[in-house]
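Q: Just data_30.tsv, nothing more (TSV, C-alpha atoms):
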```tsv
chain	number	residue	atom	x	y	z
A	272	MET	CA	73.38	137.06	104.25
A	273	MET	CA	75.43	135.07	101.79
A	274	ASP	CA	73.71	132.14	100.09
A	275	GLU	CA	76.14	129.28	100.72
A	276	ARG	CA	74.22	126.60	98.85
A	277	VAL	CA	76.24	124.79	96.19
A	278	ARG	CA	75.67	126.26	92.71
A	279	VAL	CA	75.21	122.95	90.90
A	280	TYR	CA	75.29	124.61	87.45
A	281	GLU	CA	78.89	125.75	88.11
A	282	GLN	CA	80.17	122.33	89.24
A	283	SER	CA	82.38	120.20	87.03
A	284	PRO	CA	80.36	116.94	87.44
A	285	LEU	CA	77.51	118.74	85.68
A	286	LEU	CA	79.55	120.78	83.19
A	287	GLU	CA	81.46	117.65	82.07
A	288	VAL	CA	78.17	116.11	80.91
A	289	ALA	CA	76.03	119.10	80.02
A	290	GLY	CA	78.56	120.73	77.71
A	291	ASP	CA	78.07	124.37	76.82
A	292	THR	CA	74.31	124.61	77.10
A	293	ILE	CA	74.00	123.26	80.69
A	294	ARG	CA	70.40	122.17	80.23
A	295	PRO	CA	68.29	119.26	79.02
A	296	GLY	CA	67.31	119.34	75.36
A	297	GLY	CA	70.31	121.46	74.36
A	298	LEU	CA	70.13	123.58	71.23
A	299	ALA	CA	67.58	121.23	69.60
A	300	LEU	CA	64.94	122.47	72.03
A	301	THR	CA	65.93	126.08	71.30
A	302	ASP	CA	65.47	125.34	67.59
A	303	ARG	CA	62.05	123.81	68.26
A	304	ALA	CA	60.94	126.96	70.09
A	305	LEU	CA	62.22	129.30	67.37
A	306	LYS	CA	60.51	127.23	64.67
A	307	PHE	CA	57.23	127.81	66.50
A	308	CYS	CA	57.75	131.58	66.90
A	309	VAL	CA	59.07	132.31	63.36
A	310	LEU	CA	61.11	135.41	64.22
A	311	PRO	CA	62.36	137.60	61.36
A	312	SER	CA	66.07	137.71	60.59
A	313	GLY	CA	67.75	140.38	62.75
A	314	ALA	CA	65.07	140.27	65.46
A	315	ARG	CA	66.35	141.29	68.90
A	316	VAL	CA	66.41	138.39	71.34
A	317	LEU	CA	67.40	138.31	75.00
A	318	ASP	CA	68.73	135.01	76.37
A	319	LEU	CA	68.29	135.10	80.12
A	320	GLY	CA	70.53	132.68	81.97
A	321	CYS	CA	72.74	132.31	78.91
A	322	GLY	CA	75.56	130.60	80.88
A	323	PRO	CA	78.69	130.14	78.71
A	324	ALA	CA	76.79	131.70	75.76
A	325	ALA	CA	76.65	128.68	73.43
A	326	SER	CA	73.04	129.54	72.65
A	327	ILE	CA	73.92	133.21	71.92
A	328	GLU	CA	76.36	132.08	69.27
A	329	HIS	CA	73.76	129.63	67.93
A	330	LEU	CA	71.04	132.32	67.79
A	331	ARG	CA	73.38	134.66	65.92
A	332	VAL	CA	74.92	132.19	63.48
A	333	LYS	CA	72.15	129.68	62.75
A	334	HIS	CA	69.08	131.90	63.15
A	335	GLN	CA	70.58	135.31	62.21
A	336	LEU	CA	69.09	136.88	65.34
A	337	ASP	CA	70.44	139.93	67.17
A	338	ALA	CA	71.03	138.10	70.46
A	339	VAL	CA	72.05	139.51	73.83
A	340	GLY	CA	72.95	137.23	76.75
A	341	LEU	CA	72.42	137.82	80.43
A	342	ASP	CA	73.49	135.70	83.40
A	343	PRO	CA	74.25	136.40	87.07
A	344	SER	CA	77.25	134.02	87.07
A	345	GLU	CA	80.53	135.81	86.33
A	346	MET	CA	82.24	132.41	86.11
A	347	LEU	CA	79.96	131.25	83.27
A	348	LEU	CA	80.04	134.61	81.45
A	349	ARG	CA	83.85	134.45	81.51
A	350	LEU	CA	83.61	131.18	79.57
A	351	GLY	CA	81.30	132.93	77.09
A	352	ARG	CA	83.68	135.84	76.58
A	353	ARG	CA	86.50	133.38	76.04
A	354	ARG	CA	84.37	131.72	73.35
A	355	ASP	CA	83.87	134.99	71.48
A	356	PRO	CA	84.83	138.41	72.91
A	357	SER	CA	82.38	140.12	70.53
A	358	LEU	CA	79.30	138.49	72.15
A	359	ARG	CA	77.12	140.96	74.01
A	360	LEU	CA	76.87	139.55	77.53
A	361	ILE	CA	75.48	141.27	80.62
A	362	GLN	CA	75.99	140.19	84.22
A	363	SER	CA	72.72	140.67	86.06
A	364	PRO	CA	70.04	138.76	87.95
A	365	GLY	CA	66.89	138.08	85.91
A	366	GLU	CA	64.69	139.91	88.42
A	367	TRP	CA	66.31	143.31	87.81
A	368	LEU	CA	67.14	143.80	84.14
A	369	PRO	CA	69.36	146.80	83.30
A	370	ILE	CA	67.40	147.19	80.06
A	371	ALA	CA	64.85	149.77	78.84
A	372	ASP	CA	61.19	148.86	78.16
A	373	ASP	CA	59.95	147.27	74.89
A	374	GLN	CA	63.34	146.23	73.50
A	375	PHE	CA	63.04	142.60	72.38
A	376	GLU	CA	61.04	140.41	69.98
A	377	ALA	CA	61.70	137.39	72.18
A	378	VAL	CA	62.98	136.57	75.65
A	379	LEU	CA	64.40	133.08	76.05
A	380	THR	CA	64.93	131.64	79.46
A	381	GLU	CA	65.99	128.02	79.32
A	382	CYS	CA	66.37	126.11	82.59
A	383	SER	CA	66.82	129.45	84.35
A	384	LEU	CA	63.51	130.75	85.72
A	385	SER	CA	63.46	128.03	88.38
A	386	VAL	CA	66.91	129.13	89.60
A	387	MET	CA	65.79	132.74	90.09
A	388	LYS	CA	64.98	133.81	93.63
A	389	ASN	CA	61.75	135.59	92.64
A	390	SER	CA	60.23	134.11	89.49
A	391	ASP	CA	57.15	136.40	89.57
A	392	ARG	CA	59.35	139.47	89.66
A	393	ALA	CA	61.45	138.01	86.81
A	394	LEU	CA	58.37	137.32	84.66
A	395	ALA	CA	57.24	140.92	85.20
A	396	GLU	CA	60.65	142.06	83.97
A	397	PHE	CA	60.41	139.80	80.88
A	398	TRP	CA	57.05	141.40	80.10
A	399	ARG	CA	58.52	144.89	80.51
A	400	VAL	CA	61.45	144.40	78.12
A	401	LEU	CA	59.39	142.60	75.45
A	402	ARG	CA	57.80	144.53	72.61
A	403	ARG	CA	54.09	144.09	71.92
A	404	GLY	CA	53.71	140.81	69.99
A	405	GLY	CA	56.99	139.53	71.45
A	406	TYR	CA	57.41	135.94	72.63
A	407	LEU	CA	58.35	134.53	75.99
A	408	ILE	CA	60.16	131.22	75.44
A	409	LEU	CA	60.48	129.24	78.62
A	410	SER	CA	61.92	125.76	79.03
A	411	ASP	CA	62.51	124.40	82.49
A	412	ILE	CA	62.06	121.66	85.05
A	413	TYR	CA	58.62	121.14	86.57
A	414	ALA	CA	57.32	118.88	89.31
A	415	ARG	CA	54.94	116.22	88.01
A	416	ASN	CA	54.09	115.39	91.62
A	417	PRO	CA	53.06	118.71	93.23
A	418	ALA	CA	53.18	117.05	96.68
A	419	GLY	CA	56.98	116.90	96.33
A	420	ILE	CA	57.53	120.60	95.63
A	421	GLU	CA	57.86	121.85	99.22
A	422	ALA	CA	60.80	119.56	100.07
A	423	LEU	CA	62.74	120.76	97.00
A	424	LYS	CA	62.84	124.32	98.34
A	425	TYR	CA	64.99	123.28	101.32
A	426	LEU	CA	67.61	121.27	99.44
A	427	PRO	CA	71.19	122.40	100.21
A	428	ILE	CA	71.80	123.16	96.52
A	429	ASP	CA	71.29	126.07	94.15
A	430	SER	CA	69.70	124.31	91.20
A	431	CYS	CA	66.70	124.53	88.89
A	432	LEU	CA	65.23	121.61	90.85
A	433	CYS	CA	64.77	123.81	93.94
A	434	GLY	CA	62.45	126.19	92.12
A	435	ALA	CA	60.41	123.54	90.33
A	436	ALA	CA	56.67	124.20	90.32
A	437	SER	CA	53.67	122.32	88.92
A	438	GLN	CA	52.37	122.84	85.38
A	439	THR	CA	49.33	124.71	86.74
A	440	GLN	CA	51.45	126.99	88.93
A	441	ILE	CA	53.80	127.85	86.05
A	442	ILE	CA	51.00	128.65	83.60
A	443	ASP	CA	49.19	130.74	86.25
A	444	ARG	CA	52.37	132.76	86.92
A	445	VAL	CA	52.82	133.48	83.21
A	446	VAL	CA	49.19	134.37	82.55
A	447	VAL	CA	48.84	136.63	85.60
A	448	GLN	CA	51.59	138.87	84.16
A	449	GLY	CA	49.41	139.43	81.08
A	450	PHE	CA	50.97	136.91	78.69
A	451	GLU	CA	48.76	134.86	76.36
A	452	MET	CA	49.63	131.15	76.39
A	453	LYS	CA	50.56	129.76	72.98
A	454	LEU	CA	52.22	126.41	73.71
A	455	TRP	CA	52.92	123.91	76.49
A	456	GLU	CA	54.91	120.83	75.45
A	457	ASP	CA	56.27	118.08	77.65
A	458	HIS	CA	59.97	117.29	77.02
A	459	THR	CA	60.58	115.01	79.99
A	460	SER	CA	62.40	112.54	77.74
A	461	ALA	CA	65.14	115.20	77.29
A	462	LEU	CA	65.50	115.45	81.07
A	463	ASN	CA	65.69	111.67	81.38
A	464	VAL	CA	68.45	111.50	78.76
A	465	PHE	CA	70.29	114.26	80.64
A	466	ALA	CA	69.95	112.29	83.90
A	467	ALA	CA	71.05	109.11	82.11
A	468	GLN	CA	74.24	110.89	80.99
A	469	LEU	CA	74.89	111.97	84.59
A	470	ILE	CA	74.45	108.34	85.67
A	471	TRP	CA	76.83	107.16	82.95
A	472	SER	CA	79.53	109.62	84.02
A	473	ASN	CA	79.12	109.22	87.77
A	474	GLY	CA	77.88	105.65	88.29
A	475	SER	CA	74.54	106.77	89.75
A	476	LEU	CA	72.57	109.94	90.42
A	477	GLN	CA	73.35	109.51	94.11
A	478	GLN	CA	77.07	109.62	93.30
A	479	PHE	CA	76.56	112.63	91.05
A	480	TRP	CA	74.95	114.58	93.92
A	481	CYS	CA	77.77	113.52	96.27
A	482	ARG	CA	80.37	114.80	93.81
A	483	ALA	CA	78.49	118.00	92.97
A	484	THR	CA	77.95	118.92	96.63
A	485	SER	CA	81.16	117.42	98.08
A	486	ARG	CA	79.07	115.40	100.54
A	487	ALA	CA	79.58	111.76	101.54
A	488	ASP	CA	75.84	111.08	101.54
A	489	ALA	CA	73.23	112.70	99.29
A	490	THR	CA	70.31	110.41	100.05
A	491	ASP	CA	68.15	113.32	101.26
A	492	ILE	CA	68.69	115.19	97.98
A	493	GLN	CA	67.96	112.17	95.80
A	494	THR	CA	64.86	111.19	97.82
A	495	ALA	CA	63.31	114.66	97.57
A	496	ILE	CA	63.99	114.88	93.84
A	497	THR	CA	62.59	111.41	93.09
A	498	ARG	CA	59.40	112.17	95.05
A	499	SER	CA	58.72	115.32	93.00
A	500	ARG	CA	58.88	113.33	89.73
A	501	PRO	CA	60.79	116.00	87.76
A	502	GLY	CA	59.68	116.64	84.22
A	503	TYR	CA	60.76	119.15	81.58
A	504	TYR	CA	58.59	121.51	79.54
A	505	LEU	CA	58.65	124.06	76.76
A	506	LEU	CA	56.26	126.96	77.19
A	507	ILE	CA	55.68	129.75	74.69
A	508	ALA	CA	53.56	132.78	75.53
A	509	GLN	CA	53.04	136.11	73.80
A	510	LYS	CA	52.77	139.71	74.94
A	511	THR	CA	49.63	140.58	73.01
A	512	SER	CA	48.83	143.87	74.78
A	513	ARG	CA	50.79	146.68	76.42
B	166	MET	CA	88.61	102.25	80.46
B	167	ASN	CA	90.60	99.24	79.24
B	168	THR	CA	93.35	99.95	76.76
B	169	GLN	CA	92.93	98.83	73.19
B	170	THR	CA	95.55	96.11	73.53
B	171	GLU	CA	93.58	94.14	76.14
B	172	TRP	CA	90.65	93.19	73.92
B	173	MET	CA	90.58	91.79	70.39
B	174	CYS	CA	87.63	91.37	68.05
B	175	ALA	CA	87.21	87.58	67.68
B	176	THR	CA	85.82	87.95	64.15
B	177	CYS	CA	88.26	90.47	62.68
B	178	ASN	CA	91.26	89.73	64.91
B	179	VAL	CA	92.04	93.43	65.41
B	180	PRO	CA	92.34	95.33	68.72
B	181	LEU	CA	89.23	97.11	69.99
B	182	GLU	CA	89.59	100.88	70.18
B	183	PRO	CA	87.94	103.48	72.44
B	184	SER	CA	85.17	105.09	70.35
B	185	LYS	CA	82.06	107.22	70.69
B	186	VAL	CA	79.04	104.92	70.58
B	187	ASP	CA	75.37	105.91	70.72
B	188	VAL	CA	73.61	104.04	73.51
B	189	GLY	CA	69.88	103.84	72.77
B	190	TYR	CA	66.91	102.69	74.83
B	191	LEU	CA	63.17	103.28	74.40
B	192	GLY	CA	63.71	105.78	71.62
B	193	ASN	CA	66.30	107.84	73.53
B	194	ALA	CA	70.02	107.82	72.73
B	195	PHE	CA	73.19	109.53	73.89
B	196	PRO	CA	76.89	109.14	73.02
B	197	VAL	CA	79.28	107.31	75.36
B	198	ASP	CA	82.87	106.05	75.13
B	199	LEU	CA	83.16	102.27	74.72
B	200	LEU	CA	85.59	99.82	73.15
B	201	LYS	CA	84.68	99.07	69.53
B	202	CYS	CA	86.10	97.07	66.66
B	203	PRO	CA	87.30	99.56	64.02
B	204	ASN	CA	86.54	96.99	61.31
B	205	CYS	CA	83.10	95.44	61.98
B	206	GLY	CA	81.79	97.88	64.60
B	207	LEU	CA	81.32	95.26	67.35
B	208	VAL	CA	81.03	97.01	70.73
B	209	LEU	CA	82.29	95.52	73.99
B	210	ILE	CA	79.95	95.91	76.95
B	211	PRO	CA	81.63	94.39	80.04
B	212	GLU	CA	79.45	92.49	82.48
B	213	ASP	CA	79.93	94.99	85.31
B	214	LEU	CA	78.75	97.78	83.03
B	215	ALA	CA	75.69	95.82	81.82
B	216	LEU	CA	74.68	94.91	85.38
B	217	GLY	CA	75.69	98.23	86.93
B	218	LYS	CA	75.07	101.69	85.59
B	219	MET	CA	73.43	100.44	82.40
B	220	VAL	CA	70.59	99.13	84.58
B	221	GLU	CA	70.43	102.52	86.31
B	222	VAL	CA	70.28	104.28	82.96
B	223	GLU	CA	67.48	101.99	81.76
B	224	LYS	CA	65.43	102.69	84.89
B	225	GLN	CA	65.89	106.44	84.36
B	226	LEU	CA	64.78	106.27	80.73
B	227	GLU	CA	61.77	104.13	81.68
B	228	ASP	CA	60.61	107.21	83.65
B	229	LYS	CA	58.92	105.18	86.41
```
Please re-express this file's structure in structure tokens.
A:
Amino acid sequence: MMDERVRVYEQSPLLEVAGDTIRPGGLALTDRALKFCVLPSGARVLDLGCGPAASIEHLRVKHQLDAVGLDPSEMLLRLGRRRDPSLRLIQSPGEWLPIADDQFEAVLTECSLSVMKNSDRALAEFWRVLRRGGYLILSDIYARNPAGIEALKYLPIDSCLCGAASQTQIIDRVVVQGFEMKLWEDHTSALNVFAAQLIWSNGSLQQFWCRATSRADATDIQTAITRSRPGYYLLIAQKTSR
Amino acid sequence: MNTQTEWMCATCNVPLEPSKVDVGYLGNAFPVDLLKCPNCGLVLIPEDLALGKMVEVEKQLEDK
């Protein structure tokens, strides 16, 4: 069955504000994560959910990393190829990576895990393609009110908000795959700035959701999101064993 | 947005121009387009903006 929910990350009301990275924190949060991991020049890095590939270019040029991008959205990858035809971009869902085992020193997935249909399956794939000692870099939305999580799952949108989990749930999912936790940082202020920019461009968040979903009334969406108290985090974990 | 000919800077007597301005609140800031004096940097914030979405933005950044 086709999923007919609106892909918010492909809609112009979001792209107009979010720019090329389409996530809170932008490249500054990517830089923060890489400063923590200290990867050697030329290290192989997979950016899962790379979108229009702004971060791939950034990883290659600023950090001298051998970066490969992967995203299920052909529309967003087309923008990336237009940016630079030499970028290595793969169209694939994160749960089924067309990549051999033990290939990367780091897997980045920024505001993407929560969009994936099966995040446990995706985390198992990240583990598989990472080399021993490799880093999982995860930044995403989380629900600061766990009581609001259930309602998010039934929103008529395809967005990172729908897959938001609590801090405890996210850490448990990472650890159960065998990863060793290295860092959890709250970056909710980056999400609030992102939301403030959406308000500035659209008049209100309610109006943003109306535009993004082509609906006259988005009260149900806004109510469910507000109740979950969305926050934003950076998580870094390491594959310390095989 | 208003055109630059509609508003003048009372101090410098030059037309305000659309410019990128950083709007900051509680330690957070982001760039927006507003009318600004090219000479002294005075920024025009119309009443409807101050009482409308600027209030919404402040509430969002207060994270309540």
Q: Using all atoms listed in the file, which protein or nucleic acid residues come within 10 Å of stretch 183-196 of chain B? Drop anything in the same chain fewer than 6 positions from it, and give the result as a CSV table (one decimal) with C-alpha atoms, keeping the file's coordinate frame.
A:
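Written file, out-v7.csv:
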```csv
chain,number,residue,atom,x,y,z
A,460,SER,CA,62.4,112.5,77.7
A,461,ALA,CA,65.1,115.2,77.3
A,463,ASN,CA,65.7,111.7,81.4
A,464,VAL,CA,68.4,111.5,78.8
A,465,PHE,CA,70.3,114.3,80.6
A,467,ALA,CA,71.0,109.1,82.1
A,468,GLN,CA,74.2,110.9,81.0
B,166,MET,CA,88.6,102.2,80.5
B,167,ASN,CA,90.6,99.2,79.2
B,168,THR,CA,93.4,100.0,76.8
B,169,GLN,CA,92.9,98.8,73.2
B,202,CYS,CA,86.1,97.1,66.7
B,203,PRO,CA,87.3,99.6,64.0
B,206,GLY,CA,81.8,97.9,64.6
B,208,VAL,CA,81.0,97.0,70.7
B,209,LEU,CA,82.3,95.5,74.0
B,219,MET,CA,73.4,100.4,82.4
B,222,VAL,CA,70.3,104.3,83.0
B,223,GLU,CA,67.5,102.0,81.8
B,226,LEU,CA,64.8,106.3,80.7
B,227,GLU,CA,61.8,104.1,81.7
```
Q: Tell me which protein, DNA and RNA residues are within 7 Å of stretch 311-324 of chain A, counting only C-alpha atoms, leaving out same-chain ones fewer than 4 positions away, and put them as JSON, numbers by chain.
A: {"A": [291, 328, 335, 336, 337, 338, 339, 340, 341, 342, 347, 348, 350, 351, 365, 375, 376, 377, 378, 379, 380, 383]}
Q: Select all residues from chain A having any atom no more than 12 Å from an atom of chain B (counting only C-alpha atoms, ignoring ligands), output as a ChimeraX atom specification.
A: /A:288-289,296,415,458-478,497-498,500-502
Q: Quote the spacing between atom CA of A:Ile441 and atom CA of A:His329 in Å to one decimal place.
A: 27.0 Å
Q: Place a sphere of radius 9 Å on (57.1, 124.6, 81.5) in the file coordinates and name every protein, DNA or RNA residue with an atom inside or on its surface, counting all atoms listed in the file; give the answer as a list in words.
A: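 Selection result: Leu409, Ser410, Asp411, Ile412, Tyr413, Ala436, Ser437, Gln438, Ile441, Ile442, Trp455, Glu456, Asp457, Gly502, Tyr503, Tyr504, Leu505, Leu506 and Ile507 of chain A.
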Q: Just to confirm, what's the straight-line distance from atom CA of A:Asp429 to atom CA of A:Asn416 in Å (one decimal)?
A: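 Atom CA of A:Asn416 lies at a distance of 20.4 Å from atom CA of A:Asp429.
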Q: Between atom CA of A:Ala304 and atom CA of A:Ser385, what is the distance in Å, rounded to a tenth?
A: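 Here the two named atoms are 18.5 Å from each other.
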Q: Taking all atoms listed in the file into account, name the residue in A:Leu300, A:Pro369, A:Ala435, A:Pro427 that is nearest to A:Ala414.
A: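 Nearest to A:Ala414: A:Ala435.
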Q: For A:Met452, which of A:Ile408, A:Cys431, A:Ala495, A:Ala418 is the closest residue, counting all atoms listed in the file?
A: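 Closest to A:Met452, using all atoms listed in the file: A:Ile408.
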Q: So which residues fall inside 9 Å of (91.4, 95.0, 57.3) if we count only C-alpha atoms? Mind giving them as a list in words?
A: Cys177, Val179 and Asn204 of chain B
Q: Model the absent atoms of stretch 175-202 of chain B so that N, CA and C atoms are present, and write the result as a PDB file, in the coordinates of the input.
A:
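The resulting file, out_1.pdb, is shown below:
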```pdb
ATOM      1  N   ALA B 175      87.032  88.992  68.035  1.00  0.00           N
ATOM      2  CA  ALA B 175      87.210  87.580  67.680  1.00  0.00           C
ATOM      3  C   ALA B 175      86.977  87.329  66.197  1.00  0.00           C
ATOM      4  N   THR B 176      86.133  88.133  65.569  1.00  0.00           N
ATOM      5  CA  THR B 176      85.820  87.950  64.150  1.00  0.00           C
ATOM      6  C   THR B 176      86.915  88.536  63.249  1.00  0.00           C
ATOM      7  N   CYS B 177      87.329  89.759  63.566  1.00  0.00           N
ATOM      8  CA  CYS B 177      88.260  90.470  62.680  1.00  0.00           C
ATOM      9  C   CYS B 177      89.727  90.332  63.123  1.00  0.00           C
ATOM     10  N   ASN B 178      89.921  89.880  64.358  1.00  0.00           N
ATOM     11  CA  ASN B 178      91.260  89.730  64.910  1.00  0.00           C
ATOM     12  C   ASN B 178      92.045  91.052  64.916  1.00  0.00           C
ATOM     13  N   VAL B 179      91.364  92.122  65.257  1.00  0.00           N
ATOM     14  CA  VAL B 179      92.040  93.430  65.410  1.00  0.00           C
ATOM     15  C   VAL B 179      91.712  93.959  66.815  1.00  0.00           C
ATOM     16  N   PRO B 180      92.602  94.801  67.375  1.00  0.00           N
ATOM     17  CA  PRO B 180      92.340  95.330  68.720  1.00  0.00           C
ATOM     18  C   PRO B 180      91.126  96.263  68.746  1.00  0.00           C
ATOM     19  N   LEU B 181      90.338  96.165  69.804  1.00  0.00           N
ATOM     20  CA  LEU B 181      89.230  97.110  69.990  1.00  0.00           C
ATOM     21  C   LEU B 181      89.810  98.481  70.335  1.00  0.00           C
ATOM     22  N   GLU B 182      89.112  99.523  69.929  1.00  0.00           N
ATOM     23  CA  GLU B 182      89.590 100.880  70.180  1.00  0.00           C
ATOM     24  C   GLU B 182      88.522 101.685  70.903  1.00  0.00           C
ATOM     25  N   PRO B 183      88.934 102.599  71.795  1.00  0.00           N
ATOM     26  CA  PRO B 183      87.940 103.480  72.440  1.00  0.00           C
ATOM     27  C   PRO B 183      87.262 104.340  71.371  1.00  0.00           C
ATOM     28  N   SER B 184      85.928 104.340  71.362  1.00  0.00           N
ATOM     29  CA  SER B 184      85.170 105.090  70.350  1.00  0.00           C
ATOM     30  C   SER B 184      83.899 105.669  70.956  1.00  0.00           C
ATOM     31  N   LYS B 185      83.373 106.685  70.307  1.00  0.00           N
ATOM     32  CA  LYS B 185      82.060 107.220  70.690  1.00  0.00           C
ATOM     33  C   LYS B 185      80.997 106.290  70.115  1.00  0.00           C
ATOM     34  N   VAL B 186      80.118 105.828  70.993  1.00  0.00           N
ATOM     35  CA  VAL B 186      79.040 104.920  70.580  1.00  0.00           C
ATOM     36  C   VAL B 186      77.728 105.486  71.085  1.00  0.00           C
ATOM     37  N   ASP B 187      76.685 105.473  70.269  1.00  0.00           N
ATOM     38  CA  ASP B 187      75.370 105.910  70.720  1.00  0.00           C
ATOM     39  C   ASP B 187      74.680 104.767  71.455  1.00  0.00           C
ATOM     40  N   VAL B 188      74.365 105.019  72.721  1.00  0.00           N
ATOM     41  CA  VAL B 188      73.610 104.040  73.510  1.00  0.00           C
ATOM     42  C   VAL B 188      72.138 104.432  73.431  1.00  0.00           C
ATOM     43  N   GLY B 189      71.300 103.532  72.948  1.00  0.00           N
ATOM     44  CA  GLY B 189      69.880 103.840  72.770  1.00  0.00           C
ATOM     45  C   GLY B 189      68.992 102.924  73.574  1.00  0.00           C
ATOM     46  N   TYR B 190      67.880 103.482  74.075  1.00  0.00           N
ATOM     47  CA  TYR B 190      66.910 102.690  74.830  1.00  0.00           C
ATOM     48  C   TYR B 190      65.577 103.422  74.808  1.00  0.00           C
ATOM     49  N   LEU B 191      64.526 102.724  74.444  1.00  0.00           N
ATOM     50  CA  LEU B 191      63.170 103.280  74.400  1.00  0.00           C
ATOM     51  C   LEU B 191      63.101 104.587  73.598  1.00  0.00           C
ATOM     52  N   GLY B 192      63.799 104.618  72.505  1.00  0.00           N
ATOM     53  CA  GLY B 192      63.710 105.780  71.620  1.00  0.00           C
ATOM     54  C   GLY B 192      64.622 106.929  72.014  1.00  0.00           C
ATOM     55  N   ASN B 193      65.360 106.806  73.117  1.00  0.00           N
ATOM     56  CA  ASN B 193      66.300 107.840  73.530  1.00  0.00           C
ATOM     57  C   ASN B 193      67.722 107.337  73.305  1.00  0.00           C
ATOM     58  N   ALA B 194      68.637 108.235  72.969  1.00  0.00           N
ATOM     59  CA  ALA B 194      70.020 107.820  72.730  1.00  0.00           C
ATOM     60  C   ALA B 194      70.967 108.935  73.154  1.00  0.00           C
ATOM     61  N   PHE B 195      72.161 108.535  73.585  1.00  0.00           N
ATOM     62  CA  PHE B 195      73.190 109.530  73.890  1.00  0.00           C
ATOM     63  C   PHE B 195      74.562 108.884  73.662  1.00  0.00           C
ATOM     64  N   PRO B 196      75.567 109.691  73.344  1.00  0.00           N
ATOM     65  CA  PRO B 196      76.890 109.140  73.020  1.00  0.00           C
ATOM     66  C   PRO B 196      77.708 108.828  74.265  1.00  0.00           C
ATOM     67  N   VAL B 197      78.380 107.688  74.258  1.00  0.00           N
ATOM     68  CA  VAL B 197      79.280 107.310  75.360  1.00  0.00           C
ATOM     69  C   VAL B 197      80.574 106.745  74.758  1.00  0.00           C
ATOM     70  N   ASP B 198      81.598 106.646  75.571  1.00  0.00           N
ATOM     71  CA  ASP B 198      82.870 106.050  75.130  1.00  0.00           C
ATOM     72  C   ASP B 198      82.895 104.574  75.493  1.00  0.00           C
ATOM     73  N   LEU B 199      83.052 103.719  74.494  1.00  0.00           N
ATOM     74  CA  LEU B 199      83.160 102.270  74.720  1.00  0.00           C
ATOM     75  C   LEU B 199      84.213 101.703  73.773  1.00  0.00           C
ATOM     76  N   LEU B 200      84.639 100.480  74.049  1.00  0.00           N
ATOM     77  CA  LEU B 200      85.590  99.820  73.150  1.00  0.00           C
ATOM     78  C   LEU B 200      84.841  99.221  71.961  1.00  0.00           C
ATOM     79  N   LYS B 201      85.376  99.471  70.760  1.00  0.00           N
ATOM     80  CA  LYS B 201      84.680  99.070  69.530  1.00  0.00           C
ATOM     81  C   LYS B 201      85.684  98.539  68.521  1.00  0.00           C
ATOM     82  N   CYS B 202      85.237  97.570  67.734  1.00  0.00           N
ATOM     83  CA  CYS B 202      86.100  97.070  66.660  1.00  0.00           C
ATOM     84  C   CYS B 202      86.089  98.067  65.511  1.00  0.00           C
TER      85      CYS B 202
END
```
